[in-house]
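Peer 1: One file: coords09.pdb (PDB, C-alpha atoms, pLDDT in the B column).
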ATOM      1  CA  MET A  72     -33.657  -5.890 -15.773  1.00 51.00           C
ATOM      2  CA  GLY A  73     -30.085  -6.854 -16.685  1.00 60.00           C
ATOM      3  CA  GLU A  74     -27.284  -7.632 -14.307  1.00 71.00           C
ATOM      4  CA  VAL A  75     -25.456  -4.541 -13.069  1.00 82.00           C
ATOM      5  CA  ARG A  76     -21.699  -4.664 -13.396  1.00 93.00           C
ATOM      6  CA  PRO A  77     -19.719  -3.991 -10.218  1.00 98.00           C
ATOM      7  CA  LEU A  78     -18.358  -0.528  -9.622  1.00 98.00           C
ATOM      8  CA  PHE A  79     -14.663  -0.215 -10.406  1.00 98.00           C
ATOM      9  CA  ILE A  80     -12.827   2.085  -8.001  1.00 98.00           C
ATOM     10  CA  PRO A  81      -9.046   1.994  -8.382  1.00 98.00           C
ATOM     11  CA  VAL A  82      -6.721   3.475  -5.785  1.00 99.00           C
ATOM     12  CA  ILE A  83      -4.049   5.643  -7.407  1.00 98.00           C
ATOM     13  CA  LEU A  84      -0.776   5.584  -5.491  1.00 98.00           C
ATOM     14  CA  GLY A  85       0.547   9.040  -6.246  1.00 98.00           C
ATOM     15  CA  THR A  86       4.239   8.906  -5.411  1.00 97.00           C
ATOM     16  CA  THR A  87       7.319   7.179  -6.754  1.00 96.00           C
ATOM     17  CA  ARG A  88       9.695   7.846  -3.854  1.00 95.00           C
ATOM     18  CA  LYS A  89      11.694   5.017  -2.357  1.00 94.00           C
ATOM     19  CA  GLY A  90      10.510   4.005   1.130  1.00 92.00           C
ATOM     20  CA  ARG A  91       7.095   5.593   0.514  1.00 95.00           C
ATOM     21  CA  MET A  92       4.696   5.108   3.415  1.00 96.00           C
ATOM     22  CA  SER A  93       1.884   6.095   1.045  1.00 97.00           C
ATOM     23  CA  GLU A  94       2.064   2.568  -0.352  1.00 98.00           C
ATOM     24  CA  HIS A  95       0.741   1.273   2.977  1.00 98.00           C
ATOM     25  CA  VAL A  96      -2.124   3.767   2.781  1.00 98.00           C
ATOM     26  CA  ALA A  97      -2.982   2.731  -0.789  1.00 98.00           C
ATOM     27  CA  ASN A  98      -2.968  -0.972   0.115  1.00 98.00           C
ATOM     28  CA  PHE A  99      -5.090  -0.321   3.219  1.00 98.00           C
ATOM     29  CA  MET A 100      -7.660   1.699   1.251  1.00 98.00           C
ATOM     30  CA  ALA A 101      -7.820  -0.927  -1.521  1.00 98.00           C
ATOM     31  CA  GLY A 102      -8.375  -3.598   1.127  1.00 98.00           C
ATOM     32  CA  GLU A 103     -11.219  -1.624   2.688  1.00 98.00           C
ATOM     33  CA  ILE A 104     -12.811  -0.929  -0.710  1.00 98.00           C
ATOM     34  CA  ALA A 105     -12.584  -4.625  -1.606  1.00 98.00           C
ATOM     35  CA  LYS A 106     -14.852  -5.408   1.375  1.00 98.00           C
ATOM     36  CA  GLN A 107     -17.733  -3.596  -0.359  1.00 97.00           C
ATOM     37  CA  VAL A 108     -20.410  -5.598  -2.153  1.00 96.00           C
ATOM     38  CA  ASP A 109     -20.365  -5.205  -5.948  1.00 97.00           C
ATOM     39  CA  VAL A 110     -17.190  -3.098  -5.943  1.00 98.00           C
ATOM     40  CA  GLU A 111     -13.877  -4.030  -7.538  1.00 98.00           C
ATOM     41  CA  THR A 112     -10.597  -2.262  -6.935  1.00 98.00           C
ATOM     42  CA  GLU A 113      -6.873  -2.402  -7.498  1.00 98.00           C
ATOM     43  CA  VAL A 114      -3.897  -0.222  -6.687  1.00 98.00           C
ATOM     44  CA  VAL A 115      -2.641   1.729  -9.685  1.00 98.00           C
ATOM     45  CA  ASP A 116       0.932   2.733  -8.911  1.00 98.00           C
ATOM     46  CA  ILE A 117       2.122   5.745 -10.918  1.00 98.00           C
ATOM     47  CA  LEU A 118       5.596   4.207 -10.726  1.00 97.00           C
ATOM     48  CA  ASP A 119       4.335   1.517 -13.117  1.00 97.00           C
ATOM     49  CA  ILE A 120       2.947   3.937 -15.724  1.00 97.00           C
ATOM     50  CA  PRO A 121       5.597   4.425 -18.423  1.00 95.00           C
ATOM     51  CA  LEU A 122       5.439   8.173 -19.008  1.00 93.00           C
ATOM     52  CA  PRO A 123       8.076  10.128 -20.914  1.00 91.00           C
ATOM     53  CA  PHE A 124       9.217  13.521 -19.656  1.00 90.00           C
ATOM     54  CA  ASP A 125       9.750  15.237 -23.003  1.00 93.00           C
ATOM     55  CA  ASP A 126       6.028  15.938 -23.530  1.00 91.00           C
ATOM     56  CA  ALA A 127       2.828  16.035 -21.484  1.00 92.00           C
ATOM     57  CA  GLY A 128      -0.914  15.544 -21.561  1.00 90.00           C
ATOM     58  CA  GLN A 129      -2.793  13.218 -23.843  1.00 91.00           C
ATOM     59  CA  GLN A 130       0.148  13.051 -26.260  1.00 93.00           C
ATOM     60  CA  ILE A 131       1.949  10.730 -23.803  1.00 94.00           C
ATOM     61  CA  ARG A 132      -1.022   8.746 -22.542  1.00 93.00           C
ATOM     62  CA  ASP A 133      -0.461   5.159 -21.533  1.00 96.00           C
ATOM     63  CA  GLU A 134      -3.209   2.938 -22.939  1.00 97.00           C
ATOM     64  CA  GLY A 135      -3.210   0.691 -19.864  1.00 97.00           C
ATOM     65  CA  PHE A 136      -3.745   3.572 -17.452  1.00 98.00           C
ATOM     66  CA  SER A 137      -6.248   5.249 -19.787  1.00 98.00           C
ATOM     67  CA  GLY A 138      -8.201   2.008 -20.124  1.00 98.00           C
ATOM     68  CA  LYS A 139      -8.447   1.667 -16.345  1.00 98.00           C
ATOM     69  CA  ALA A 140      -9.495   5.308 -16.053  1.00 98.00           C
ATOM     70  CA  MET A 141     -12.211   4.839 -18.684  1.00 98.00           C
ATOM     71  CA  LYS A 142     -13.512   1.676 -16.983  1.00 98.00           C
ATOM     72  CA  SER A 143     -13.526   3.372 -13.565  1.00 98.00           C
ATOM     73  CA  ASP A 144     -16.628   4.648 -11.836  1.00 98.00           C
ATOM     74  CA  ALA A 145     -14.660   6.521  -9.191  1.00 98.00           C
ATOM     75  CA  PHE A 146     -11.122   6.969  -7.953  1.00 98.00           C
ATOM     76  CA  VAL A 147      -9.270   7.163  -4.678  1.00 98.00           C
ATOM     77  CA  ILE A 148      -6.102   9.210  -4.913  1.00 98.00           C
ATOM     78  CA  VAL A 149      -3.468   8.641  -2.248  1.00 98.00           C
ATOM     79  CA  ALA A 150      -1.306  11.741  -2.316  1.00 98.00           C
ATOM     80  CA  PRO A 151       1.559  12.498   0.024  1.00 97.00           C
ATOM     81  CA  GLU A 152       2.176  16.113   0.867  1.00 95.00           C
ATOM     82  CA  TYR A 153       5.483  17.318  -0.555  1.00 92.00           C
ATOM     83  CA  ASN A 154       6.431  20.849   0.501  1.00 91.00           C
ATOM     84  CA  HIS A 155       2.751  21.818   0.982  1.00 91.00           C
ATOM     85  CA  GLY A 156       1.789  20.458  -2.455  1.00 93.00           C
ATOM     86  CA  TYR A 157       1.242  17.292  -4.462  1.00 96.00           C
ATOM     87  CA  PRO A 158       3.891  15.218  -6.231  1.00 97.00           C
ATOM     88  CA  GLY A 159       4.687  16.481  -9.712  1.00 96.00           C
ATOM     89  CA  LEU A 160       4.715  12.960 -11.132  1.00 96.00           C
ATOM     90  CA  LEU A 161       1.158  12.407  -9.863  1.00 98.00           C
ATOM     91  CA  LYS A 162       0.013  15.512 -11.733  1.00 97.00           C
ATOM     92  CA  HIS A 163       1.995  14.414 -14.800  1.00 97.00           C
ATOM     93  CA  ALA A 164       0.196  11.033 -14.775  1.00 97.00           C
ATOM     94  CA  LEU A 165      -3.280  12.444 -14.106  1.00 98.00           C
ATOM     95  CA  ASP A 166      -2.938  14.991 -16.913  1.00 97.00           C
ATOM     96  CA  THR A 167      -2.625  12.250 -19.528  1.00 97.00           C
ATOM     97  CA  ASN A 168      -6.391  11.682 -19.456  1.00 97.00           C
ATOM     98  CA  LEU A 169      -9.397  13.975 -19.694  1.00 96.00           C
ATOM     99  CA  LYS A 170     -12.549  12.424 -21.163  1.00 97.00           C
ATOM    100  CA  GLU A 171     -11.885   9.330 -19.050  1.00 98.00           C
ATOM    101  CA  TYR A 172     -12.588  11.346 -15.857  1.00 98.00           C
ATOM    102  CA  ILE A 173     -15.711  13.303 -16.785  1.00 97.00           C
ATOM    103  CA  HIS A 174     -18.540  12.971 -14.238  1.00 98.00           C
ATOM    104  CA  LYS A 175     -16.750  10.406 -12.091  1.00 98.00           C
ATOM    105  CA  ALA A 176     -16.319  10.593  -8.333  1.00 98.00           C
ATOM    106  CA  VAL A 177     -12.993  11.026  -6.601  1.00 98.00           C
ATOM    107  CA  GLY A 178     -11.906  10.942  -2.990  1.00 98.00           C
ATOM    108  CA  ILE A 179      -8.497  12.017  -1.780  1.00 98.00           C
ATOM    109  CA  CYS A 180      -6.398  10.522   0.994  1.00 98.00           C
ATOM    110  CA  GLY A 181      -3.722  12.916   2.171  1.00 98.00           C
ATOM    111  CA  VAL A 182      -0.546  11.491   3.655  1.00 97.00           C
ATOM    112  CA  SER A 183       1.965  13.322   5.794  1.00 96.00           C
ATOM    113  CA  ALA A 184       4.816  12.606   8.168  1.00 94.00           C
ATOM    114  CA  GLY A 185       3.597  15.622  10.141  1.00 92.00           C
ATOM    115  CA  PRO A 186       0.503  16.324  12.221  1.00 91.00           C
ATOM    116  CA  PHE A 187      -1.754  17.788   9.510  1.00 89.00           C
ATOM    117  CA  GLY A 188      -2.275  14.544   7.595  1.00 88.00           C
ATOM    118  CA  GLY A 189      -1.851  15.907   4.120  1.00 93.00           C
ATOM    119  CA  SER A 190      -4.507  18.619   4.540  1.00 95.00           C
ATOM    120  CA  ARG A 191      -2.551  20.973   2.305  1.00 96.00           C
ATOM    121  CA  VAL A 192      -2.103  18.400  -0.467  1.00 97.00           C
ATOM    122  CA  ILE A 193      -5.854  17.776  -0.464  1.00 97.00           C
ATOM    123  CA  GLU A 194      -6.552  21.500  -0.556  1.00 97.00           C
ATOM    124  CA  ASN A 195      -4.159  21.932  -3.486  1.00 97.00           C
ATOM    125  CA  MET A 196      -5.610  18.991  -5.407  1.00 97.00           C
ATOM    126  CA  LEU A 197      -9.256  20.096  -5.280  1.00 97.00           C
ATOM    127  CA  PRO A 198      -9.036  22.640  -8.143  1.00 98.00           C
ATOM    128  CA  VAL A 199      -7.088  20.101 -10.218  1.00 98.00           C
ATOM    129  CA  MET A 200      -9.827  17.499  -9.721  1.00 98.00           C
ATOM    130  CA  ARG A 201     -12.451  19.998 -10.838  1.00 98.00           C
ATOM    131  CA  GLU A 202     -10.486  20.946 -13.942  1.00 97.00           C
ATOM    132  CA  LEU A 203     -10.122  17.265 -14.863  1.00 98.00           C
ATOM    133  CA  GLY A 204     -13.924  16.857 -14.698  1.00 98.00           C
ATOM    134  CA  LEU A 205     -13.917  14.727 -11.559  1.00 98.00           C
ATOM    135  CA  VAL A 206     -16.502  15.227  -8.815  1.00 98.00           C
ATOM    136  CA  THR A 207     -14.951  15.347  -5.361  1.00 98.00           C
ATOM    137  CA  ILE A 208     -16.733  13.829  -2.414  1.00 98.00           C
ATOM    138  CA  PHE A 209     -16.899  15.849   0.776  1.00 94.00           C
ATOM    139  CA  TRP A 210     -14.974  13.399   2.951  1.00 96.00           C
ATOM    140  CA  ASP A 211     -11.218  12.972   2.959  1.00 97.00           C
ATOM    141  CA  VAL A 212      -9.007  10.659   4.952  1.00 97.00           C
ATOM    142  CA  ASN A 213      -5.989  12.378   6.444  1.00 97.00           C
ATOM    143  CA  PHE A 214      -3.151  10.041   7.388  1.00 97.00           C
ATOM    144  CA  SER A 215      -1.049  12.190   9.708  1.00 95.00           C
ATOM    145  CA  ILE A 216       2.209  11.017  11.227  1.00 96.00           C
ATOM    146  CA  VAL A 217       1.919   8.081   8.827  1.00 96.00           C
ATOM    147  CA  GLN A 218       5.082   6.438  10.163  1.00 95.00           C
ATOM    148  CA  LYS A 219       3.175   5.837  13.424  1.00 96.00           C
ATOM    149  CA  THR A 220      -0.069   4.830  11.684  1.00 97.00           C
ATOM    150  CA  PHE A 221       1.476   1.816   9.912  1.00 97.00           C
ATOM    151  CA  ASP A 222       4.442  -0.294  10.844  1.00 96.00           C
ATOM    152  CA  GLU A 223       7.245  -0.972   8.348  1.00 94.00           C
ATOM    153  CA  SER A 224       5.434  -4.029   6.958  1.00 96.00           C
ATOM    154  CA  GLY A 225       2.244  -2.031   6.321  1.00 97.00           C
ATOM    155  CA  LYS A 226       0.214  -3.244   9.320  1.00 97.00           C
ATOM    156  CA  LEU A 227      -2.287  -0.652  10.499  1.00 98.00           C
ATOM    157  CA  LEU A 228      -1.449   0.495  14.035  1.00 97.00           C
ATOM    158  CA  ASP A 229      -4.402   2.842  14.600  1.00 96.00           C
ATOM    159  CA  GLU A 230      -7.789   1.133  14.231  1.00 96.00           C
ATOM    160  CA  ALA A 231      -9.589   4.522  14.146  1.00 97.00           C
ATOM    161  CA  PHE A 232      -8.700   4.624  10.446  1.00 97.00           C
ATOM    162  CA  VAL A 233     -11.035   1.701   9.727  1.00 98.00           C
ATOM    163  CA  LYS A 234     -14.082   3.825  10.689  1.00 98.00           C
ATOM    164  CA  ARG A 235     -12.709   6.874   8.867  1.00 98.00           C
ATOM    165  CA  ALA A 236     -12.155   4.827   5.722  1.00 98.00           C
ATOM    166  CA  GLU A 237     -15.643   3.309   6.011  1.00 98.00           C
ATOM    167  CA  LYS A 238     -17.303   6.739   6.108  1.00 98.00           C
ATOM    168  CA  PHE A 239     -15.199   7.910   3.141  1.00 98.00           C
ATOM    169  CA  ILE A 240     -15.885   4.757   1.084  1.00 98.00           C
ATOM    170  CA  LYS A 241     -19.644   4.826   1.726  1.00 98.00           C
ATOM    171  CA  GLU A 242     -19.816   8.375   0.378  1.00 98.00           C
ATOM    172  CA  LEU A 243     -17.573   7.520  -2.585  1.00 98.00           C
ATOM    173  CA  VAL A 244     -19.658   4.465  -3.520  1.00 98.00           C
ATOM    174  CA  TRP A 245     -22.888   6.461  -3.247  1.00 98.00           C
ATOM    175  CA  MET A 246     -21.493   9.205  -5.475  1.00 98.00           C
ATOM    176  CA  ALA A 247     -20.107   6.648  -7.936  1.00 98.00           C
ATOM    177  CA  LYS A 248     -23.551   5.035  -8.267  1.00 98.00           C
ATOM    178  CA  VAL A 249     -25.318   8.359  -8.753  1.00 98.00           C
ATOM    179  CA  LEU A 250     -22.804   9.590 -11.317  1.00 98.00           C
ATOM    180  CA  ARG A 251     -22.847   6.285 -13.207  1.00 98.00           C
ATOM    181  CA  TYR A 252     -26.626   6.561 -13.428  1.00 97.00           C
ATOM    182  CA  GLY A 253     -26.239  10.110 -14.715  1.00 97.00           C
ATOM    183  CA  ARG A 254     -23.604   9.199 -17.305  1.00 96.00           C
ATOM    184  CA  GLU A 255     -25.749   6.329 -18.579  1.00 95.00           C
ATOM    185  CA  SER A 256     -29.232   7.892 -18.341  1.00 95.00           C
ATOM    186  CA  VAL A 257     -29.136  11.686 -18.493  1.00 95.00           C
ATOM    187  CA  GLU A 258     -28.478  13.496 -21.743  1.00 88.00           C
ATOM    188  CA  ILE A 259     -26.678  16.807 -21.651  1.00 78.00           C
TER     189      ILE A 259
END
Let me see the file written as structure tokens.

Peer 2:
Amino acid sequence: MGEVRPLFIPVILGTTRKGRMSEHVANFMAGEIAKQVDVETEVVDILDIPLPFDDAGQQIRDEGFSGKAMKSDAFVIVAPEYNHGYPGLLKHALDTNLKEYIHKAVGICGVSAGPFGGSRVIENMLPVMRELGLVTIFWDVNFSIVQKTFDESGKLLDEAFVKRAEKFIKELVWMAKVLRYGRESVEI
């Protein structure tokens, strides 16, 4: 039996705002994912994806982002809640790919300055994930009152998030393995 390549699970940082606390969440999640055996990760910052605003969808796809999406076995999306929804630029970036997402796992980390930890952004993103062909796991990580969860340098202040992230990542890795097997072995 041949050597199995590591899973690739990028963390998509879904906001471009200045002073974004979501960056701390994305870096924390990537660090926790990197602790897994046979799993590779990186933070994909939508700020770094050169997307025009005079068109949308696959017509404006960035080959770098699309290549990472195609190589991926699963995704973590870090999405701050903006006015009960998700950032428009995150949706703009995600919409540039389709076939790259089919039958791949996704987990969502909601981020909020308030007490609900991005619950509404997660709720709003679920139908989008389904339409893109992604398979959502049944665990989320809600980072509520994020300004008290990380300090300004990005240091985690609430160790309870380590266990929450572990539960989330275990489910995501399991689903990524099962879906990879399906993509490679099961004909439709």

Peer 1: Please report the interatomic distance between atom CA of A:Asp229 and atom CA of A:Glu194 in Å with one decimal.

Peer 2: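 If I compute the distance from atom CA of A:Asp229 to atom CA of A:Glu194, I get 24.1 Å.
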
Peer 1: As a check of understanding, name the residues that the PyMOL selection byres ((chain A and resi 118) around 10) selects in the supplied structure, as a count of residues only.

Peer 2: 15

Peer 1: I'd like to know which of A:Ala150, A:Met92, A:Ile83, A:Val233 is closest to A:Met196, using all atoms listed in the file.

Peer 2: A:Ala150

Peer 1: Do you have the atom CA of A:Ala105-atom CA of A:Leu250 distance handy?

Peer 2: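 For atom CA of A:Ala105 relative to atom CA of A:Leu250, the distance reads 20.0 Å.
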
Peer 1: Which residues are near A:Gly225? Cut-off 10 Å, all atoms listed in the file, ignore same chain within fewer than 4 positions. Put them as a VMD selection string.

Peer 2: chain A and resid 92 to 96 98 to 99 218 220 to 221

Peer 1: Find the residue from A:Arg191, A:Lys234, A:Lys219, A:Lys226 that sits nearest to A:Gly156; use only C-alpha atoms when measuring.

Peer 2: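 Under the stated criterion, the closest residue is A:Arg191.
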
Peer 1: Run through the PyMOL selection byres ((chain A and resi 147) around 6) on the given coordinates and return the selected residues as a list in words.

Peer 2: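 Listing what the PyMOL selection byres ((chain A and resi 147) around 6) selects in the shown file: Val82, Phe146, Ile148, Val177, Gly178 and Ile179 of chain A.
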
Peer 1: Between A:Phe214, A:Glu74, A:Asn168, A:Asn195, single out the one closest to A:Ala231, counting all atoms listed in the file.

Peer 2: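 So, comparing all the options, the nearest one is A:Phe214.
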
Peer 1: Spell out the residues picked by the PyMOL selection byres ((chain A and resi 167) around 10) here, as a list in words.

Peer 2: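 Listing what the PyMOL selection byres ((chain A and resi 167) around 10) selects in the shown file: Leu122, Ala127, Gly128, Gln129, Gln130, Ile131, Arg132, Asp133, Glu134, Phe136, Ser137, Lys162, His163, Ala164, Leu165, Asp166, Asn168, Leu169 and Glu171 of chain A.
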
Peer 1: To one decimal place, how far is atom CA of A:Ser215 from atom CA of A:Lys238 in Å?

Peer 2: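 For atom CA of A:Ser215 relative to atom CA of A:Lys238, the distance reads 17.5 Å.
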
Peer 1: Which residue gives the smallest distance to A:Lys170 among A:Leu228, A:Gly138, A:Val182, A:Ile240, with only C-alpha atoms counted?

Peer 2: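 Among the listed residues, A:Gly138 lies closest to A:Lys170.
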
Peer 1: Skipping near chain neighbours, those fewer than 3 positions away, what residues fall within 10 Å of A:Arg254 using all atoms listed in the file, listed as a PyMOL selection string?

Peer 2: chain A and resi 144+173-175+248-251+257-259

Peer 1: With C-alpha atoms kept, could you save the residues just selected as a PDB file, in the coordinates of the input?

Peer 2:
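Contents of part_22.pdb, as written:
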ATOM      1  CA  ASP A 144     -16.628   4.648 -11.836  1.00 98.00           C
ATOM      2  CA  ILE A 173     -15.711  13.303 -16.785  1.00 97.00           C
ATOM      3  CA  HIS A 174     -18.540  12.971 -14.238  1.00 98.00           C
ATOM      4  CA  LYS A 175     -16.750  10.406 -12.091  1.00 98.00           C
ATOM      5  CA  LYS A 248     -23.551   5.035  -8.267  1.00 98.00           C
ATOM      6  CA  VAL A 249     -25.318   8.359  -8.753  1.00 98.00           C
ATOM      7  CA  LEU A 250     -22.804   9.590 -11.317  1.00 98.00           C
ATOM      8  CA  ARG A 251     -22.847   6.285 -13.207  1.00 98.00           C
ATOM      9  CA  VAL A 257     -29.136  11.686 -18.493  1.00 95.00           C
ATOM     10  CA  GLU A 258     -28.478  13.496 -21.743  1.00 88.00           C
ATOM     11  CA  ILE A 259     -26.678  16.807 -21.651  1.00 78.00           C
TER      12      ILE A 259
END
